Amino acid sequence: MPRSAPTFWKVDAVEARISLGWLVLDVRARAFAWGMVRKIVTSLRELESGRLDLAALRDAARGRRPIALSMAPSDRLVLWETMYPVRWATKGTGWGHRQEDWFTEGVLSATARARILTELSNSQRVERPPRREARSPDR
């Protein structure tokens, strides 16, 4: 839960990439404060939109100047993997209903986008009649 005084945790790396049309953030740290990853996502969104200056983000990341950030909505954030420095074994039961819903919604959305783009592409390939040459008024 959040505390009144800020808690600082060292972030070892934040890497971003696009995978199958999705933005994937790989955030690495020994530990995370409550809501920390959601605020990292918000800071990147604010930076990309121009509402947050890179210098201000650097200062905040170094603990020089606080910035107020809301937490990104959790519905599109998925904790995919947790690594520990010790051997850890569990029995996997597969995805939960939220992961299945999220994946299914993403596939349906991507399929709909692909169909729309295909239809738009096909509609622009309509053959048009040849242009008539302009006639001069003295003909």
# chains A, B, ... in the order shown; residues from 1 in each chain; ligands from 1
$ residues_around --residues "region 31-48 of chain A" --least-positions-apart "2" --cutoff "12 Å" --atoms "only C-alpha atoms" --output "number ranges by chain"
A: 1-3, 6-16, 23-29, 50-58, 60-61, 67-79, 82-84
$ select_by_dssp --residues "chain A" --states "strand (DSSP E)" --output "list of chain:residue names"
A:Val11, A:Asp12, A:Ala13, A:Val14, A:Glu15, A:Ala16, A:Arg17, A:Ile18, A:Ser19, A:Trp22, A:Leu23, A:Val24, A:Leu25, A:Asp26, A:Val27, A:Arg28, A:Ala29
$ atom_distance --atom1 "CA of Trp22 (chain A)" --atom2 "CA of Gly94 (chain A)"
21.2 Å
$ select_by_dssp --residues "region 8-135 of chain A" --states "helix (DSSP H, G or I)" --output "PyMOL selection string"
chain A and resi 36-49+54-61+74-76+97-123
$ atom_distance --atom1 "CA of Ile18 (chain A)" --atom2 "CA of Gly96 (chain A)"
23.8 Å
$ atom_distance --atom1 "CA of Glu81 (chain A)" --atom2 "CA of Arg17 (chain A)"
16.1 Å
$ residues_around --residues "region 106-111 of chain A" --least-positions-apart "4" --cutoff "10 Å" --atoms "only C-alpha atoms" --output "VMD selection string"
chain A and resid 20 to 22 100 to 102 115 to 117
